[in-house]
$ cat start-v6.pdb   # PDB, C-alpha atoms and all ligand atoms
MODEL        1
ATOM      1  CA  MET A   1      79.095  97.839  96.387
ATOM      2  CA  PHE A   2      82.357  99.171  97.745
ATOM      3  CA  ASN A   3      83.760 101.244 100.575
ATOM      4  CA  ARG A   4      85.995 104.265 100.302
ATOM      5  CA  CYS A   5      89.311 103.877 102.079
ATOM      6  CA  SER A   6      89.305 105.938 105.283
ATOM      7  CA  GLY A   7      93.115 106.084 105.385
ATOM      8  CA  TRP A   8      95.367 109.062 104.764
ATOM      9  CA  ARG A   9      98.144 109.534 102.239
ATOM     10  CA  ALA A  10     101.158 111.701 103.041
ATOM     11  CA  ARG A  11     101.781 114.840 101.050
ATOM     12  CA  ARG A  12     105.175 116.503 101.179
ATOM     13  CA  HIS A  13     105.365 117.604 104.828
ATOM     14  CA  PRO A  14     106.131 121.298 105.302
ATOM     15  CA  ALA A  15     109.342 121.627 107.332
ATOM     16  CA  SER A  16     107.387 123.287 110.133
ATOM     17  CA  HIS A  17     105.080 120.221 110.383
ATOM     18  CA  PRO A  18     107.462 117.361 111.206
ATOM     19  CA  ASP A  19     105.102 115.443 113.466
ATOM     20  CA  HIS A  20     101.588 116.075 112.210
ATOM     21  CA  GLU A  21      99.602 112.865 112.498
ATOM     22  CA  PRO A  22      97.410 111.433 109.719
ATOM     23  CA  GLY A  23      94.174 113.361 109.354
ATOM     24  CA  SER A  24      95.250 116.146 111.689
ATOM     25  CA  CYS A  25      96.457 118.469 108.950
ATOM     26  CA  ARG A  26      95.288 118.765 105.354
ATOM     27  CA  ARG A  27      98.618 120.253 104.285
ATOM     28  CA  CYS A  28     100.468 117.099 105.330
ATOM     29  CA  TRP A  29      97.815 114.515 104.510
ATOM     30  CA  ARG A  30      95.012 113.924 102.039
ATOM     31  CA  PRO A  31      92.212 111.344 102.277
ATOM     32  CA  CYS A  32      92.961 108.217 100.248
ATOM     33  CA  LEU A  33      89.356 107.359  99.235
ATOM     34  CA  ALA A  34      90.428 104.315  97.176
ATOM     35  CA  SER A  35      87.626 101.862  96.388
ATOM     36  CA  ILE A  36      87.896  98.783  98.590
ATOM     37  CA  GLU A  37      85.842  95.689  99.309
ATOM     38  CA  PRO A  38      83.697  95.743 102.457
ATOM     39  CA  PRO A  39      84.217  95.055 105.336
ATOM     40  CA  THR A  40      87.714  96.474 104.823
ATOM     41  CA  ARG A  41      87.895 100.107 105.891
ATOM     42  CA  VAL A  42      91.476 101.011 104.999
ATOM     43  CA  CYS A  43      93.285  99.845 101.857
ATOM     44  CA  ALA A  44      96.473  97.777 101.996
ATOM     45  CA  GLY A  45      98.434 100.607 100.378
ATOM     46  CA  CYS A  46      97.570 103.026 103.173
ATOM     47  CA  LEU A  47      98.394 100.487 105.868
ATOM     48  CA  ALA A  48     101.715  99.611 104.226
ATOM     49  CA  ALA A  49     102.623 103.303 103.858
ATOM     50  CA  ALA A  50     101.617 104.090 107.443
ATOM     51  CA  SER A  51     103.646 101.124 108.698
ATOM     52  CA  ARG A  52     106.750 102.947 107.404
ATOM     53  CA  SER A  53     105.863 106.206 109.169
ATOM     54  CA  PRO A  54     108.616 107.723 111.332
ATOM     55  CA  MET A  55     105.967 108.336 114.002
ATOM     56  CA  PRO A  56     105.580 105.435 116.494
ATOM     57  CA  SER A  57     101.978 106.473 117.166
ATOM     58  CA  VAL A  58     101.137 105.949 113.488
ATOM     59  CA  ARG A  59     102.900 102.559 113.347
ATOM     60  CA  LEU A  60     101.063 101.538 116.539
ATOM     61  CA  ALA A  61      97.724 102.413 114.925
ATOM     62  CA  VAL A  62      98.636 100.140 111.992
ATOM     63  CA  ALA A  63      99.670  97.327 114.337
ATOM     64  CA  GLU A  64      96.290  97.563 116.075
ATOM     65  CA  HIS A  65      94.189  98.003 112.928
ATOM     66  CA  PRO A  66      91.893  95.052 112.118
ATOM     67  CA  ASP A  67      92.599  95.348 108.374
ATOM     68  CA  THR A  68      96.387  95.119 108.691
ATOM     69  CA  GLY A  69      97.717  92.081 106.822
ATOM     70  CA  ALA A  70     100.038  89.412 108.192
ATOM     71  CA  ASP A  71     102.943  90.633 106.041
ATOM     72  CA  VAL A  72     102.777  94.145 107.490
ATOM     73  CA  LEU A  73     102.330  92.771 111.021
ATOM     74  CA  ALA A  74     105.428  90.607 110.555
ATOM     75  CA  VAL A  75     107.480  93.728 109.822
ATOM     76  CA  LEU A  76     105.973  95.705 112.699
ATOM     77  CA  ALA A  77     106.625  92.796 115.087
ATOM     78  CA  THR A  78     110.322  93.700 114.792
ATOM     79  CA  ASP A  79     109.733  97.438 115.311
ATOM     80  CA  VAL A  80     112.249  99.311 117.448
ATOM     81  CA  ASP A  81     109.358 100.760 119.472
ATOM     82  CA  PHE A  82     108.279  98.201 122.066
ATOM     83  CA  ALA A  83     104.622  99.294 122.075
ATOM     84  CA  VAL A  84     104.483  98.781 118.303
ATOM     85  CA  SER A  85     106.261  95.430 118.202
ATOM     86  CA  ASP A  86     104.204  94.134 121.122
ATOM     87  CA  ALA A  87     100.921  95.153 119.480
ATOM     88  CA  ALA A  88     101.940  93.532 116.183
ATOM     89  CA  ARG A  89     102.804  90.143 117.694
ATOM     90  CA  PRO A  90     100.145  87.436 117.770
ATOM     91  CA  LYS A  91      98.389  87.451 121.099
ATOM     92  CA  ARG A  92      99.073  84.324 123.133
ATOM     93  CA  GLU A  93      96.221  82.682 124.967
ATOM     94  CA  THR A  94      96.780  82.684 128.708
TER      95      THR A  94
HETATM   96 ZN    ZN A 101     100.796 119.716 108.850
HETATM   97 ZN    ZN A 102      93.880 103.870 101.198
ENDMDL
END
$ encode --input "start-v6.pdb" --output "structure tokens"
Amino acid sequence: MFNRCSGWRARRHPASHPDHEPGSCRRCWRPCLASIEPPTRVCAGCLAAASRSPMPSVRLAVAEHPDTGADVLAVLATDVDFAVSDAARPKRET
């Protein structure tokens, strides 16, 4: 039994599509569909690639994704975008 990765892999972005988000445009993105072990939904390769996206909204989605590994979160915790770095930091108990 396995899942198919529900992540998206970047194609070469057309110059007129600088900010198309994953899944929004089939010219910029293709489904990954890599075989992965349940309950994981998105493979580590997709999460690592998305964590290097120039779009803060994409990096934020990685920071908030339950399958994102500690190594990727550690990088995102130093992100220049405050929303991203805040989401990637371990939540403190209050
Ligand atoms: Zn596009
Ligand atoms: Zn994938």
$ resolve_selection --input "start-v6.pdb" --expression "the PyMOL selection byres (((chain A and resi 19-23) around 8) and not hetatm)" --output "list in words"
Trp8, Arg9, Ala10, His17, Pro18, Ser24, Cys25, Arg26, Cys28, Trp29, Arg30, Pro31, Met55 and Val58 of chain A
$ atom_distance --input "start-v6.pdb" --atom1 "CA of Thr78 in chain A" --atom2 "CA of Val42 in chain A"
22.5 Å
$ closest_residue --input "start-v6.pdb" --among "A:Leu60, A:Gly7, A:His13, A:Arg27" --to "Ala44 in chain A" --atoms "all atoms listed in the file"
A:Gly7
$ atom_distance --input "start-v6.pdb" --atom1 "CA of Arg41 in chain A" --atom2 "CA of Cys5 in chain A"
5.5 Å
$ resolve_selection --input "start-v6.pdb" --expression "the PyMOL selection byres (((chain A and resi 43) around 10) and not hetatm)" --output "list in words"
Asn3, Arg4, Cys5, Ser6, Gly7, Trp8, Cys32, Leu33, Ala34, Ser35, Ile36, Glu37, Thr40, Arg41, Val42, Ala44, Gly45, Cys46, Leu47, Ala48, Asp67 and Thr68 of chain A
$ closest_residue --input "start-v6.pdb" --among "A:Ala61, A:Leu76, A:Ala70, A:Ala15" --to "ligand ZN 101 (chain A)" --atoms "all atoms listed in the file"
A:Ala15
$ closest_residue --input "start-v6.pdb" --among "A:Phe82, A:Arg12, A:Val72, A:Phe2" --to "Ser51 in chain A" --atoms "only C-alpha atoms"
A:Val72
$ atom_distance --input "start-v6.pdb" --atom1 "CA of His65 in chain A" --atom2 "CA of Ala88 in chain A"
9.5 Å
$ closest_residue --input "start-v6.pdb" --among "A:Pro90, A:Met1, A:Ser85, A:Pro14" --to "ligand ZN 101 (chain A)" --atoms "only C-alpha atoms and all ligand atoms"
A:Pro14
$ decode --input "start-v6.pdb" --residues "range 42-71 of chain A" --atoms "N, CA and C atoms" --output "mmCIF file, in the first residue's frame"
data_model
loop_
_atom_site.group_PDB
_atom_site.id
_atom_site.type_symbol
_atom_site.label_atom_id
_atom_site.label_comp_id
_atom_site.auth_asym_id
_atom_site.auth_seq_id
_atom_site.Cartn_x
_atom_site.Cartn_y
_atom_site.Cartn_z
ATOM 1 N N VAL A 42 2.606 14.297 1.177
ATOM 2 C CA VAL A 42 3.479 15.012 0.251
ATOM 3 C C VAL A 42 4.899 14.538 0.499
ATOM 4 N N CYS A 43 5.646 14.218 -0.583
ATOM 5 C CA CYS A 43 6.977 13.655 -0.406
ATOM 6 C C CYS A 43 7.976 14.719 0.052
ATOM 7 N N ALA A 44 9.068 14.267 0.644
ATOM 8 C CA ALA A 44 10.079 15.182 1.175
ATOM 9 C C ALA A 44 10.687 16.031 0.065
ATOM 10 N N GLY A 45 10.803 15.470 -1.137
ATOM 11 C CA GLY A 45 11.366 16.227 -2.250
ATOM 12 C C GLY A 45 10.517 17.424 -2.617
ATOM 13 N N CYS A 46 9.195 17.235 -2.621
ATOM 14 C CA CYS A 46 8.297 18.353 -2.938
ATOM 15 C C CYS A 46 8.367 19.423 -1.858
ATOM 16 N N LEU A 47 8.384 18.987 -0.600
ATOM 17 C CA LEU A 47 8.416 19.956 0.498
ATOM 18 C C LEU A 47 9.724 20.737 0.486
ATOM 19 N N ALA A 48 10.835 20.039 0.211
ATOM 20 C CA ALA A 48 12.133 20.714 0.171
ATOM 21 C C ALA A 48 12.174 21.710 -0.991
ATOM 22 N N ALA A 49 11.637 21.306 -2.145
ATOM 23 C CA ALA A 49 11.628 22.206 -3.308
ATOM 24 C C ALA A 49 10.735 23.412 -3.040
ATOM 25 N N ALA A 50 9.568 23.170 -2.448
ATOM 26 C CA ALA A 50 8.637 24.273 -2.179
ATOM 27 C C ALA A 50 9.199 25.227 -1.132
ATOM 28 N N SER A 51 10.030 24.682 -0.224
ATOM 29 C CA SER A 51 10.602 25.535 0.826
ATOM 30 C C SER A 51 11.589 26.539 0.236
ATOM 31 N N ARG A 52 12.042 26.303 -1.004
ATOM 32 C CA ARG A 52 12.953 27.234 -1.667
ATOM 33 C C ARG A 52 12.227 28.105 -2.680
ATOM 34 N N SER A 53 10.884 28.077 -2.654
ATOM 35 C CA SER A 53 10.107 28.895 -3.582
ATOM 36 C C SER A 53 10.335 30.378 -3.297
ATOM 37 N N PRO A 54 10.356 31.212 -4.353
ATOM 38 C CA PRO A 54 10.442 32.658 -4.114
ATOM 39 C C PRO A 54 9.146 33.242 -3.565
ATOM 40 N N MET A 55 8.069 32.457 -3.582
ATOM 41 C CA MET A 55 6.775 32.969 -3.126
ATOM 42 C C MET A 55 6.582 32.695 -1.628
ATOM 43 N N PRO A 56 6.435 33.748 -0.802
ATOM 44 C CA PRO A 56 6.228 33.530 0.638
ATOM 45 C C PRO A 56 5.014 32.655 0.933
ATOM 46 N N SER A 57 3.970 32.762 0.124
ATOM 47 C CA SER A 57 2.762 31.972 0.382
ATOM 48 C C SER A 57 3.049 30.481 0.245
ATOM 49 N N VAL A 58 3.953 30.123 -0.666
ATOM 50 C CA VAL A 58 4.312 28.718 -0.853
ATOM 51 C C VAL A 58 5.174 28.245 0.316
ATOM 52 N N ARG A 59 6.137 29.089 0.735
ATOM 53 C CA ARG A 59 6.991 28.709 1.877
ATOM 54 C C ARG A 59 6.148 28.598 3.159
ATOM 55 N N LEU A 60 5.139 29.466 3.295
ATOM 56 C CA LEU A 60 4.267 29.398 4.468
ATOM 57 C C LEU A 60 3.494 28.077 4.473
ATOM 58 N N ALA A 61 3.029 27.647 3.312
ATOM 59 C CA ALA A 61 2.295 26.380 3.231
ATOM 60 C C ALA A 61 3.184 25.218 3.653
ATOM 61 N N VAL A 62 4.474 25.274 3.300
ATOM 62 C CA VAL A 62 5.421 24.237 3.722
ATOM 63 C C VAL A 62 5.609 24.285 5.239
ATOM 64 N N ALA A 63 5.768 25.488 5.765
ATOM 65 C CA ALA A 63 5.990 25.650 7.209
ATOM 66 C C ALA A 63 4.816 25.090 8.012
ATOM 67 N N GLU A 64 3.620 25.175 7.439
ATOM 68 C CA GLU A 64 2.418 24.722 8.145
ATOM 69 C C GLU A 64 2.025 23.291 7.800
ATOM 70 N N HIS A 65 2.761 22.650 6.879
ATOM 71 C CA HIS A 65 2.370 21.316 6.439
ATOM 72 C C HIS A 65 2.773 20.256 7.472
ATOM 73 N N PRO A 66 1.864 19.337 7.805
ATOM 74 C CA PRO A 66 2.188 18.337 8.832
ATOM 75 C C PRO A 66 3.300 17.372 8.433
ATOM 76 N N ASP A 67 3.592 17.237 7.154
ATOM 77 C CA ASP A 67 4.630 16.303 6.710
ATOM 78 C C ASP A 67 6.009 16.948 6.597
ATOM 79 N N THR A 68 6.110 18.239 6.846
ATOM 80 C CA THR A 68 7.398 18.919 6.719
ATOM 81 C C THR A 68 8.364 18.463 7.815
ATOM 82 N N GLY A 69 9.567 18.071 7.412
ATOM 83 C CA GLY A 69 10.550 17.544 8.350
ATOM 84 C C GLY A 69 11.243 18.638 9.144
ATOM 85 N N ALA A 70 11.894 18.215 10.226
ATOM 86 C CA ALA A 70 12.561 19.168 11.126
ATOM 87 C C ALA A 70 13.671 19.929 10.409
ATOM 88 N N ASP A 71 14.356 19.281 9.453
ATOM 89 C CA ASP A 71 15.452 19.957 8.764
ATOM 90 C C ASP A 71 14.949 21.111 7.916
#
